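S.K.: One file is attached below, my_file-v1.pdb, containing PDB, N, CA, C and O atoms.
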MODEL        1
ATOM      1  N   MET A   1     -18.915  -2.396   6.855
ATOM      2  CA  MET A   1     -18.028  -1.787   5.868
ATOM      3  C   MET A   1     -18.787  -1.662   4.551
ATOM      4  O   MET A   1     -19.417  -2.596   4.080
ATOM      5  N   ASP A   2     -18.746  -0.483   3.969
ATOM      6  CA  ASP A   2     -19.355  -0.239   2.663
ATOM      7  C   ASP A   2     -18.359  -0.653   1.581
ATOM      8  O   ASP A   2     -17.374   0.029   1.324
ATOM      9  N   GLN A   3     -18.615  -1.800   0.961
ATOM     10  CA  GLN A   3     -17.671  -2.378   0.006
ATOM     11  C   GLN A   3     -17.449  -1.482  -1.202
ATOM     12  O   GLN A   3     -16.325  -1.375  -1.699
ATOM     13  N   SER A   4     -18.492  -0.779  -1.652
ATOM     14  CA  SER A   4     -18.311   0.064  -2.841
ATOM     15  C   SER A   4     -17.369   1.235  -2.547
ATOM     16  O   SER A   4     -16.538   1.588  -3.386
ATOM     17  N   ASP A   5     -17.474   1.841  -1.361
ATOM     18  CA  ASP A   5     -16.547   2.913  -0.986
ATOM     19  C   ASP A   5     -15.137   2.371  -0.793
ATOM     20  O   ASP A   5     -14.164   3.005  -1.180
ATOM     21  N   PHE A   6     -15.038   1.204  -0.185
ATOM     22  CA  PHE A   6     -13.745   0.555   0.014
ATOM     23  C   PHE A   6     -13.070   0.344  -1.340
ATOM     24  O   PHE A   6     -11.915   0.735  -1.540
ATOM     25  N   ASP A   7     -13.799  -0.254  -2.264
ATOM     26  CA  ASP A   7     -13.253  -0.532  -3.596
ATOM     27  C   ASP A   7     -12.909   0.745  -4.347
ATOM     28  O   ASP A   7     -11.870   0.818  -5.012
ATOM     29  N   LYS A   8     -13.770   1.752  -4.241
ATOM     30  CA  LYS A   8     -13.542   3.011  -4.947
ATOM     31  C   LYS A   8     -12.262   3.687  -4.465
ATOM     32  O   LYS A   8     -11.418   4.096  -5.281
ATOM     33  N   LEU A   9     -12.107   3.804  -3.151
ATOM     34  CA  LEU A   9     -10.919   4.466  -2.609
ATOM     35  C   LEU A   9      -9.652   3.657  -2.884
ATOM     36  O   LEU A   9      -8.610   4.220  -3.225
ATOM     37  N   LEU A  10      -9.737   2.335  -2.757
ATOM     38  CA  LEU A  10      -8.566   1.504  -3.024
ATOM     39  C   LEU A  10      -8.169   1.581  -4.502
ATOM     40  O   LEU A  10      -6.980   1.671  -4.827
ATOM     41  N   THR A  11      -9.155   1.610  -5.391
ATOM     42  CA  THR A  11      -8.870   1.758  -6.823
ATOM     43  C   THR A  11      -8.223   3.109  -7.109
ATOM     44  O   THR A  11      -7.265   3.188  -7.882
ATOM     45  N   GLN A  12      -8.725   4.172  -6.480
ATOM     46  CA  GLN A  12      -8.106   5.491  -6.648
ATOM     47  C   GLN A  12      -6.649   5.466  -6.214
ATOM     48  O   GLN A  12      -5.781   6.008  -6.904
ATOM     49  N   LEU A  13      -6.386   4.842  -5.085
ATOM     50  CA  LEU A  13      -5.009   4.743  -4.601
ATOM     51  C   LEU A  13      -4.127   3.982  -5.588
ATOM     52  O   LEU A  13      -2.997   4.388  -5.858
ATOM     53  N   GLN A  14      -4.635   2.908  -6.117
ATOM     54  CA  GLN A  14      -3.866   2.109  -7.072
ATOM     55  C   GLN A  14      -3.579   2.902  -8.341
ATOM     56  O   GLN A  14      -2.465   2.840  -8.880
ATOM     57  N   GLU A  15      -4.549   3.642  -8.821
ATOM     58  CA  GLU A  15      -4.358   4.447 -10.029
ATOM     59  C   GLU A  15      -3.323   5.551  -9.801
ATOM     60  O   GLU A  15      -2.452   5.783 -10.642
ATOM     61  N   ILE A  16      -3.447   6.230  -8.678
ATOM     62  CA  ILE A  16      -2.501   7.300  -8.359
ATOM     63  C   ILE A  16      -1.095   6.727  -8.190
ATOM     64  O   ILE A  16      -0.123   7.283  -8.706
ATOM     65  N   GLN A  17      -0.998   5.607  -7.477
ATOM     66  CA  GLN A  17       0.312   4.990  -7.260
ATOM     67  C   GLN A  17       0.936   4.550  -8.582
ATOM     68  O   GLN A  17       2.136   4.720  -8.789
ATOM     69  N   PHE A  18       0.141   4.022  -9.495
ATOM     70  CA  PHE A  18       0.649   3.634 -10.818
ATOM     71  C   PHE A  18       1.218   4.855 -11.539
ATOM     72  O   PHE A  18       2.325   4.805 -12.090
ATOM     73  N   ALA A  19       0.464   5.954 -11.520
ATOM     74  CA  ALA A  19       0.924   7.179 -12.171
ATOM     75  C   ALA A  19       2.207   7.697 -11.526
ATOM     76  O   ALA A  19       3.113   8.168 -12.221
ATOM     77  N   LEU A  20       2.303   7.602 -10.201
ATOM     78  CA  LEU A  20       3.514   8.044  -9.507
ATOM     79  C   LEU A  20       4.728   7.198  -9.894
ATOM     80  O   LEU A  20       5.820   7.727 -10.088
ATOM     81  N   VAL A  21       4.542   5.899 -10.017
ATOM     82  CA  VAL A  21       5.652   5.030 -10.427
ATOM     83  C   VAL A  21       6.099   5.397 -11.838
ATOM     84  O   VAL A  21       7.297   5.527 -12.120
ATOM     85  N   GLU A  22       5.139   5.592 -12.743
ATOM     86  CA  GLU A  22       5.472   5.946 -14.124
ATOM     87  C   GLU A  22       6.191   7.293 -14.196
ATOM     88  O   GLU A  22       7.176   7.443 -14.923
ATOM     89  N   LEU A  23       5.686   8.268 -13.452
ATOM     90  CA  LEU A  23       6.342   9.576 -13.435
ATOM     91  C   LEU A  23       7.735   9.491 -12.823
ATOM     92  O   LEU A  23       8.661  10.168 -13.281
ATOM     93  N   ASN A  24       7.883   8.671 -11.799
ATOM     94  CA  ASN A  24       9.192   8.477 -11.191
ATOM     95  C   ASN A  24      10.183   7.932 -12.224
ATOM     96  O   ASN A  24      11.311   8.426 -12.334
ATOM     97  N   LEU A  25       9.772   6.948 -12.979
ATOM     98  CA  LEU A  25      10.635   6.379 -14.022
ATOM     99  C   LEU A  25      10.957   7.421 -15.089
ATOM    100  O   LEU A  25      12.102   7.521 -15.552
ATOM    101  N   TYR A  26       9.952   8.189 -15.482
ATOM    102  CA  TYR A  26      10.163   9.242 -16.480
ATOM    103  C   TYR A  26      11.163  10.280 -15.957
ATOM    104  O   TYR A  26      12.090  10.677 -16.666
ATOM    105  N   LEU A  27      10.959  10.693 -14.715
ATOM    106  CA  LEU A  27      11.826  11.725 -14.135
ATOM    107  C   LEU A  27      13.253  11.231 -13.912
ATOM    108  O   LEU A  27      14.183  12.037 -13.899
ATOM    109  N   ASP A  28      13.438   9.928 -13.774
ATOM    110  CA  ASP A  28      14.794   9.389 -13.693
ATOM    111  C   ASP A  28      15.581   9.718 -14.968
ATOM    112  O   ASP A  28      16.791   9.884 -14.923
ATOM    113  N   ASN A  29      14.871   9.808 -16.088
ATOM    114  CA  ASN A  29      15.512  10.084 -17.376
ATOM    115  C   ASN A  29      15.352  11.528 -17.844
ATOM    116  O   ASN A  29      16.016  11.946 -18.787
ATOM    117  N   HIS A  30      14.437  12.260 -17.219
ATOM    118  CA  HIS A  30      14.176  13.658 -17.582
ATOM    119  C   HIS A  30      14.083  14.488 -16.299
ATOM    120  O   HIS A  30      13.024  15.031 -15.975
ATOM    121  N   PRO A  31      15.162  14.589 -15.549
ATOM    122  CA  PRO A  31      15.106  15.194 -14.218
ATOM    123  C   PRO A  31      14.814  16.687 -14.192
ATOM    124  O   PRO A  31      14.501  17.226 -13.126
ATOM    125  N   ASP A  32      14.868  17.356 -15.328
ATOM    126  CA  ASP A  32      14.623  18.796 -15.358
ATOM    127  C   ASP A  32      13.258  19.161 -15.930
ATOM    128  O   ASP A  32      12.993  20.342 -16.191
ATOM    129  N   ASP A  33      12.383  18.191 -16.114
ATOM    130  CA  ASP A  33      11.055  18.442 -16.677
ATOM    131  C   ASP A  33      10.153  19.004 -15.577
ATOM    132  O   ASP A  33       9.587  18.263 -14.770
ATOM    133  N   ALA A  34      10.032  20.323 -15.549
ATOM    134  CA  ALA A  34       9.280  20.998 -14.474
ATOM    135  C   ALA A  34       7.810  20.597 -14.465
ATOM    136  O   ALA A  34       7.216  20.445 -13.394
ATOM    137  N   ALA A  35       7.218  20.415 -15.626
ATOM    138  CA  ALA A  35       5.807  20.026 -15.690
ATOM    139  C   ALA A  35       5.600  18.641 -15.070
ATOM    140  O   ALA A  35       4.635  18.415 -14.332
ATOM    141  N   ALA A  36       6.500  17.726 -15.358
ATOM    142  CA  ALA A  36       6.397  16.378 -14.787
ATOM    143  C   ALA A  36       6.617  16.413 -13.284
ATOM    144  O   ALA A  36       5.946  15.694 -12.535
ATOM    145  N   ILE A  37       7.544  17.230 -12.827
ATOM    146  CA  ILE A  37       7.786  17.364 -11.388
ATOM    147  C   ILE A  37       6.543  17.925 -10.702
ATOM    148  O   ILE A  37       6.126  17.426  -9.644
ATOM    149  N   ASN A  38       5.924  18.933 -11.306
ATOM    150  CA  ASN A  38       4.694  19.499 -10.737
ATOM    151  C   ASN A  38       3.581  18.459 -10.693
ATOM    152  O   ASN A  38       2.856  18.357  -9.698
ATOM    153  N   GLN A  39       3.438  17.686 -11.765
ATOM    154  CA  GLN A  39       2.416  16.651 -11.795
ATOM    155  C   GLN A  39       2.690  15.596 -10.720
ATOM    156  O   GLN A  39       1.772  15.159 -10.022
ATOM    157  N   PHE A  40       3.953  15.215 -10.576
ATOM    158  CA  PHE A  40       4.332  14.246  -9.548
ATOM    159  C   PHE A  40       3.960  14.775  -8.160
ATOM    160  O   PHE A  40       3.340  14.073  -7.359
ATOM    161  N   ASN A  41       4.312  16.025  -7.883
ATOM    162  CA  ASN A  41       4.021  16.614  -6.568
ATOM    163  C   ASN A  41       2.525  16.728  -6.309
ATOM    164  O   ASN A  41       2.066  16.513  -5.180
ATOM    165  N   GLN A  42       1.743  17.039  -7.337
ATOM    166  CA  GLN A  42       0.289  17.094  -7.179
ATOM    167  C   GLN A  42      -0.276  15.711  -6.868
ATOM    168  O   GLN A  42      -1.166  15.562  -6.023
ATOM    169  N   LEU A  43       0.245  14.698  -7.549
ATOM    170  CA  LEU A  43      -0.229  13.339  -7.301
ATOM    171  C   LEU A  43       0.176  12.847  -5.911
ATOM    172  O   LEU A  43      -0.565  12.089  -5.286
ATOM    173  N   VAL A  44       1.341  13.273  -5.423
ATOM    174  CA  VAL A  44       1.741  12.921  -4.056
ATOM    175  C   VAL A  44       0.723  13.472  -3.063
ATOM    176  O   VAL A  44       0.275  12.764  -2.154
ATOM    177  N   LYS A  45       0.331  14.728  -3.231
ATOM    178  CA  LYS A  45      -0.673  15.327  -2.346
ATOM    179  C   LYS A  45      -2.002  14.596  -2.449
ATOM    180  O   LYS A  45      -2.655  14.314  -1.440
ATOM    181  N   GLN A  46      -2.405  14.291  -3.679
ATOM    182  CA  GLN A  46      -3.668  13.589  -3.905
ATOM    183  C   GLN A  46      -3.624  12.197  -3.268
ATOM    184  O   GLN A  46      -4.579  11.769  -2.630
ATOM    185  N   ARG A  47      -2.502  11.508  -3.401
ATOM    186  CA  ARG A  47      -2.363  10.175  -2.822
ATOM    187  C   ARG A  47      -2.473  10.225  -1.294
ATOM    188  O   ARG A  47      -3.122   9.388  -0.680
ATOM    189  N   ARG A  48      -1.825  11.223  -0.692
ATOM    190  CA  ARG A  48      -1.904  11.366   0.766
ATOM    191  C   ARG A  48      -3.344  11.572   1.224
ATOM    192  O   ARG A  48      -3.773  11.002   2.228
ATOM    193  N   GLU A  49      -4.077  12.414   0.505
ATOM    194  CA  GLU A  49      -5.463  12.708   0.881
ATOM    195  C   GLU A  49      -6.357  11.474   0.723
ATOM    196  O   GLU A  49      -7.158  11.170   1.608
ATOM    197  N   VAL A  50      -6.228  10.766  -0.373
ATOM    198  CA  VAL A  50      -7.046   9.570  -0.582
ATOM    199  C   VAL A  50      -6.672   8.500   0.451
ATOM    200  O   VAL A  50      -7.547   7.837   1.006
ATOM    201  N   ALA A  51      -5.379   8.346   0.733
ATOM    202  CA  ALA A  51      -4.940   7.379   1.752
ATOM    203  C   ALA A  51      -5.493   7.753   3.119
ATOM    204  O   ALA A  51      -5.930   6.883   3.887
ATOM    205  N   ARG A  52      -5.491   9.047   3.442
ATOM    206  CA  ARG A  52      -6.039   9.505   4.724
ATOM    207  C   ARG A  52      -7.525   9.159   4.818
ATOM    208  O   ARG A  52      -7.995   8.638   5.830
ATOM    209  N   LYS A  53      -8.274   9.427   3.748
ATOM    210  CA  LYS A  53      -9.708   9.097   3.735
ATOM    211  C   LYS A  53      -9.920   7.597   3.911
ATOM    212  O   LYS A  53     -10.794   7.172   4.677
ATOM    213  N   PHE A  54      -9.129   6.814   3.182
ATOM    214  CA  PHE A  54      -9.260   5.364   3.284
ATOM    215  C   PHE A  54      -8.997   4.896   4.712
ATOM    216  O   PHE A  54      -9.769   4.139   5.288
ATOM    217  N   GLU A  55      -7.897   5.362   5.296
ATOM    218  CA  GLU A  55      -7.517   4.913   6.627
ATOM    219  C   GLU A  55      -8.502   5.376   7.700
ATOM    220  O   GLU A  55      -8.738   4.655   8.663
ATOM    221  N   CYS A  56      -9.097   6.531   7.523
ATOM    222  CA  CYS A  56     -10.104   7.000   8.484
ATOM    223  C   CYS A  56     -11.342   6.115   8.466
ATOM    224  O   CYS A  56     -11.963   5.883   9.503
ATOM    225  N   ARG A  57     -11.691   5.622   7.300
ATOM    226  CA  ARG A  57     -12.905   4.797   7.176
ATOM    227  C   ARG A  57     -12.652   3.317   7.379
ATOM    228  O   ARG A  57     -13.496   2.620   7.936
ATOM    229  N   PHE A  58     -11.514   2.830   6.891
ATOM    230  CA  PHE A  58     -11.339   1.384   6.809
ATOM    231  C   PHE A  58     -10.123   0.842   7.552
ATOM    232  O   PHE A  58      -9.894  -0.350   7.572
ATOM    233  N   GLY A  59      -9.328   1.707   8.145
ATOM    234  CA  GLY A  59      -8.169   1.239   8.885
ATOM    235  C   GLY A  59      -6.885   1.416   8.097
ATOM    236  O   GLY A  59      -6.887   1.892   6.965
ATOM    237  N   PRO A  60      -5.775   1.040   8.703
ATOM    238  CA  PRO A  60      -4.462   1.312   8.118
ATOM    239  C   PRO A  60      -4.225   0.556   6.812
ATOM    240  O   PRO A  60      -4.667  -0.570   6.631
ATOM    241  N   LEU A  61      -3.504   1.206   5.919
ATOM    242  CA  LEU A  61      -3.088   0.597   4.659
ATOM    243  C   LEU A  61      -1.759  -0.130   4.796
ATOM    244  O   LEU A  61      -1.487  -1.089   4.086
ATOM    245  N   PHE A  62      -0.905   0.366   5.680
ATOM    246  CA  PHE A  62       0.448  -0.157   5.816
ATOM    247  C   PHE A  62       0.738  -0.497   7.268
ATOM    248  O   PHE A  62       0.173   0.088   8.180
ATOM    249  N   ASN A  63       1.642  -1.398   7.462
ATOM    250  CA  ASN A  63       2.069  -1.781   8.791
ATOM    251  C   ASN A  63       3.494  -1.272   9.014
ATOM    252  O   ASN A  63       4.021  -0.544   8.185
ATOM    253  N   PHE A  64       4.094  -1.648  10.092
ATOM    254  CA  PHE A  64       5.482  -1.329  10.413
ATOM    255  C   PHE A  64       5.724   0.173  10.556
ATOM    256  O   PHE A  64       6.733   0.691  10.114
ATOM    257  N   GLY A  65       4.729   0.876  11.134
ATOM    258  CA  GLY A  65       4.903   2.282  11.437
ATOM    259  C   GLY A  65       4.599   3.241  10.303
ATOM    260  O   GLY A  65       4.808   4.439  10.443
ATOM    261  N   LEU A  66       4.101   2.753   9.197
ATOM    262  CA  LEU A  66       3.795   3.637   8.072
ATOM    263  C   LEU A  66       2.375   4.170   8.117
ATOM    264  O   LEU A  66       2.033   5.070   7.366
ATOM    265  N   SER A  67       1.523   3.611   8.955
ATOM    266  CA  SER A  67       0.157   4.097   9.146
ATOM    267  C   SER A  67      -0.151   4.119  10.632
ATOM    268  O   SER A  67       0.295   3.251  11.382
ATOM    269  N   LYS A  68      -0.927   5.107  11.038
ATOM    270  CA  LYS A  68      -1.334   5.205  12.437
ATOM    271  C   LYS A  68      -2.428   4.193  12.743
ATOM    272  O   LYS A  68      -3.167   3.766  11.875
ATOM    273  N   SER A  69      -2.542   3.861  14.004
ATOM    274  CA  SER A  69      -3.644   3.053  14.503
ATOM    275  C   SER A  69      -4.120   3.701  15.789
ATOM    276  O   SER A  69      -3.299   4.171  16.582
ATOM    277  N   PRO A  70      -5.441   3.757  16.012
ATOM    278  CA  PRO A  70      -5.921   4.376  17.244
ATOM    279  C   PRO A  70      -5.406   3.629  18.472
ATOM    280  O   PRO A  70      -5.125   2.446  18.431
ATOM    281  N   ARG A  71      -5.297   4.353  19.568
ATOM    282  CA  ARG A  71      -4.757   3.775  20.795
ATOM    283  C   ARG A  71      -5.626   2.655  21.355
ATOM    284  O   ARG A  71      -5.138   1.746  21.993
ATOM    285  N   CYS A  72      -6.922   2.734  21.109
ATOM    286  CA  CYS A  72      -7.835   1.801  21.766
ATOM    287  C   CYS A  72      -7.926   0.443  21.074
ATOM    288  O   CYS A  72      -8.400  -0.511  21.673
ATOM    289  N   HIS A  73      -7.473   0.338  19.833
ATOM    290  CA  HIS A  73      -7.655  -0.926  19.116
ATOM    291  C   HIS A  73      -6.628  -1.045  17.997
ATOM    292  O   HIS A  73      -6.373  -0.082  17.271
ATOM    293  N   TRP A  74      -6.063  -2.199  17.833
ATOM    294  CA  TRP A  74      -5.109  -2.471  16.754
ATOM    295  C   TRP A  74      -5.914  -2.843  15.518
ATOM    296  O   TRP A  74      -6.338  -3.973  15.321
ATOM    297  N   GLN A  75      -6.158  -1.873  14.620
ATOM    298  CA  GLN A  75      -7.055  -2.054  13.484
ATOM    299  C   GLN A  75      -6.488  -2.926  12.370
ATOM    300  O   GLN A  75      -7.232  -3.377  11.512
ATOM    301  N   TRP A  76      -5.208  -3.141  12.366
ATOM    302  CA  TRP A  76      -4.578  -3.853  11.261
ATOM    303  C   TRP A  76      -5.230  -5.212  11.014
ATOM    304  O   TRP A  76      -5.288  -5.688   9.884
ATOM    305  N   VAL A  77      -5.764  -5.852  12.047
ATOM    306  CA  VAL A  77      -6.321  -7.195  11.912
ATOM    307  C   VAL A  77      -7.806  -7.195  11.560
ATOM    308  O   VAL A  77      -8.376  -8.251  11.313
ATOM    309  N   ASP A  78      -8.454  -6.038  11.494
ATOM    310  CA  ASP A  78      -9.899  -5.967  11.306
ATOM    311  C   ASP A  78     -10.366  -6.137   9.867
ATOM    312  O   ASP A  78     -11.408  -6.713   9.617
ATOM    313  N   GLN A  79      -9.646  -5.578   8.935
ATOM    314  CA  GLN A  79     -10.086  -5.544   7.549
ATOM    315  C   GLN A  79      -9.273  -6.527   6.722
ATOM    316  O   GLN A  79      -8.191  -6.935   7.129
ATOM    317  N   PRO A  80      -9.777  -6.851   5.533
ATOM    318  CA  PRO A  80      -8.890  -7.604   4.645
ATOM    319  C   PRO A  80      -7.685  -6.741   4.309
ATOM    320  O   PRO A  80      -7.794  -5.528   4.168
ATOM    321  N   TRP A  81      -6.537  -7.330   4.243
ATOM    322  CA  TRP A  81      -5.340  -6.589   3.923
ATOM    323  C   TRP A  81      -5.400  -6.159   2.472
ATOM    324  O   TRP A  81      -6.052  -6.805   1.640
ATOM    325  N   PRO A  82      -4.755  -5.039   2.105
ATOM    326  CA  PRO A  82      -4.882  -4.519   0.743
ATOM    327  C   PRO A  82      -4.613  -5.546  -0.360
ATOM    328  O   PRO A  82      -5.256  -5.523  -1.394
ATOM    329  N   TRP A  83      -3.724  -6.475  -0.116
ATOM    330  CA  TRP A  83      -3.423  -7.464  -1.146
ATOM    331  C   TRP A  83      -4.423  -8.610  -1.161
ATOM    332  O   TRP A  83      -4.347  -9.480  -2.010
ATOM    333  N   GLN A  84      -5.405  -8.601  -0.238
ATOM    334  CA  GLN A  84      -6.423  -9.649  -0.194
ATOM    335  C   GLN A  84      -7.693  -9.251  -0.948
ATOM    336  O   GLN A  84      -8.601 -10.070  -1.032
ATOM    337  N   VAL A  85      -7.768  -8.043  -1.437
ATOM    338  CA  VAL A  85      -8.988  -7.615  -2.146
ATOM    339  C   VAL A  85      -8.750  -7.549  -3.629
ATOM    340  O   VAL A  85      -7.665  -7.532  -4.105
TER
ENDMDL
END
So, in terms of structure tokens, how does the structure I just supplied come out?
M.R.:
Amino acid sequence: MDQSDFDKLLTQLQEIQFALVELNLYLDNHPDDAAAINQFNQLVKQRREVARKFECRFGPLFNFGLSKSPRCHWQWVDQPWPWQV
């Protein structure tokens, strides 16, 4: 496992997720702000892409059916869990 790529992608996910939470809170109070909605939707797409890249290289981010695992091996146990890094 390339630790620098692991850290880089996980940091990107954390940054995007932070921005999504903040925008979600903002939109709760400003539900008609089209620019904020567009930014939120762009970040959702970006988060999906970064999560896909992470999971392809390092295994699933989430358990309980939120991330795929290949049929041949249960990858969830292979890597440190996201909260362990």
S.K.: Check the smallest atom-to-atom distance from each of A:Leu43, A:Asn38, A:Asn29, A:Val50 to Gln17 in chain A using only N, CA, C and O atoms, then report the winner.
M.R.: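 Comparing A:Leu43, A:Asn38, A:Asn29, A:Val50 against Gln17 in chain A, the winner is A:Leu43.
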S.K.: For a test of reading the model, state the distance in Å between atom N of Phe58 in chain A and CA of Glu15 in chain A, rounded to one decimal.
M.R.: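 These two atoms are separated by 18.4 Å.
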S.K.: Looking at A:Ala51, A:Pro60, A:Val21, A:Gln84, which one is nearest to Leu9 in chain A, with distances taken over all atoms listed in the file?
M.R.: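 Between A:Ala51, A:Pro60, A:Val21, A:Gln84, the residue approaching Leu9 in chain A most closely is A:Ala51.
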S.K.: So the first atom is atom C of Asp28 in chain A and the second is atom C of Ile16 in chain A; what is the distance between them in Å, to one decimal place?
M.R.: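 Atom-to-atom, atom C of Asp28 in chain A to atom C of Ile16 in chain A, that is 18.2 Å.
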S.K.: Mind pulling up the distance from atom O of Glu22 in chain A to atom N of Cys56 in chain A?
M.R.: 27.7 Å
S.K.: Would you mind telling me which residue in A:Leu61, A:Leu20, A:Leu25, A:Leu13 lies nearest to Gln39 in chain A when using all atoms listed in the file?
M.R.: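 Ranking A:Leu61, A:Leu20, A:Leu25, A:Leu13 by distance to Gln39 in chain A, first place goes to A:Leu20.
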S.K.: For the structure provided, state which residues fall under the PyMOL selection byres (((chain A and resi 54 and name CA) around 12) and name CA), and present them as a VMD selection string.
M.R.: chain A and resid 1 to 3 5 to 13 47 to 53 55 to 62 67 79 82
S.K.: All heavy atoms are what I want for range 17-24 of chain A; can you complete it accordingly and write them as an mmCIF file, keeping the file's coordinate frame?
M.R.:
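Wrote it out as selection.cif, contents follow:
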data_model
loop_
_atom_site.group_PDB
_atom_site.id
_atom_site.type_symbol
_atom_site.label_atom_id
_atom_site.label_comp_id
_atom_site.auth_asym_id
_atom_site.auth_seq_id
_atom_site.Cartn_x
_atom_site.Cartn_y
_atom_site.Cartn_z
ATOM 1 N N GLN A 17 -0.998 5.607 -7.477
ATOM 2 C CA GLN A 17 0.312 4.990 -7.260
ATOM 3 C C GLN A 17 0.936 4.550 -8.582
ATOM 4 O O GLN A 17 2.136 4.720 -8.789
ATOM 5 C CB GLN A 17 0.191 3.789 -6.310
ATOM 6 C CG GLN A 17 1.513 3.283 -5.816
ATOM 7 C CD GLN A 17 2.252 4.314 -4.962
ATOM 8 O OE1 GLN A 17 1.663 5.029 -4.161
ATOM 9 N NE2 GLN A 17 3.549 4.398 -5.159
ATOM 10 N N PHE A 18 0.141 4.022 -9.495
ATOM 11 C CA PHE A 18 0.649 3.634 -10.818
ATOM 12 C C PHE A 18 1.218 4.855 -11.539
ATOM 13 O O PHE A 18 2.325 4.805 -12.090
ATOM 14 C CB PHE A 18 -0.472 2.996 -11.647
ATOM 15 C CG PHE A 18 -0.037 2.621 -13.031
ATOM 16 C CD1 PHE A 18 0.635 1.436 -13.262
ATOM 17 C CD2 PHE A 18 -0.291 3.472 -14.103
ATOM 18 C CE1 PHE A 18 1.047 1.093 -14.546
ATOM 19 C CE2 PHE A 18 0.122 3.143 -15.384
ATOM 20 C CZ PHE A 18 0.790 1.944 -15.609
ATOM 21 N N ALA A 19 0.464 5.954 -11.520
ATOM 22 C CA ALA A 19 0.924 7.179 -12.171
ATOM 23 C C ALA A 19 2.207 7.697 -11.526
ATOM 24 O O ALA A 19 3.113 8.168 -12.221
ATOM 25 C CB ALA A 19 -0.168 8.248 -12.126
ATOM 26 N N LEU A 20 2.303 7.602 -10.201
ATOM 27 C CA LEU A 20 3.514 8.044 -9.507
ATOM 28 C C LEU A 20 4.728 7.198 -9.894
ATOM 29 O O LEU A 20 5.820 7.727 -10.088
ATOM 30 C CB LEU A 20 3.306 8.012 -7.993
ATOM 31 C CG LEU A 20 2.453 9.139 -7.425
ATOM 32 C CD1 LEU A 20 2.052 8.848 -5.984
ATOM 33 C CD2 LEU A 20 3.188 10.466 -7.530
ATOM 34 N N VAL A 21 4.542 5.899 -10.017
ATOM 35 C CA VAL A 21 5.652 5.030 -10.427
ATOM 36 C C VAL A 21 6.099 5.397 -11.838
ATOM 37 O O VAL A 21 7.297 5.527 -12.120
ATOM 38 C CB VAL A 21 5.255 3.541 -10.338
ATOM 39 C CG1 VAL A 21 6.278 2.645 -11.026
ATOM 40 C CG2 VAL A 21 5.085 3.124 -8.879
ATOM 41 N N GLU A 22 5.139 5.592 -12.743
ATOM 42 C CA GLU A 22 5.472 5.946 -14.124
ATOM 43 C C GLU A 22 6.191 7.293 -14.196
ATOM 44 O O GLU A 22 7.176 7.443 -14.923
ATOM 45 C CB GLU A 22 4.215 5.956 -14.991
ATOM 46 C CG GLU A 22 3.620 4.580 -15.216
ATOM 47 C CD GLU A 22 4.551 3.656 -15.985
ATOM 48 O OE1 GLU A 22 5.096 4.066 -17.025
ATOM 49 O OE2 GLU A 22 4.738 2.511 -15.536
ATOM 50 N N LEU A 23 5.686 8.268 -13.452
ATOM 51 C CA LEU A 23 6.342 9.576 -13.435
ATOM 52 C C LEU A 23 7.735 9.491 -12.823
ATOM 53 O O LEU A 23 8.661 10.168 -13.281
ATOM 54 C CB LEU A 23 5.493 10.595 -12.672
ATOM 55 C CG LEU A 23 4.380 11.242 -13.470
ATOM 56 C CD1 LEU A 23 3.421 11.988 -12.548
ATOM 57 C CD2 LEU A 23 4.955 12.186 -14.510
ATOM 58 N N ASN A 24 7.883 8.671 -11.799
ATOM 59 C CA ASN A 24 9.192 8.477 -11.191
ATOM 60 C C ASN A 24 10.183 7.932 -12.224
ATOM 61 O O ASN A 24 11.311 8.426 -12.334
ATOM 62 C CB ASN A 24 9.079 7.528 -10.006
ATOM 63 C CG ASN A 24 10.340 7.461 -9.185
ATOM 64 O OD1 ASN A 24 10.445 8.143 -8.177
ATOM 65 N ND2 ASN A 24 11.305 6.660 -9.604
#
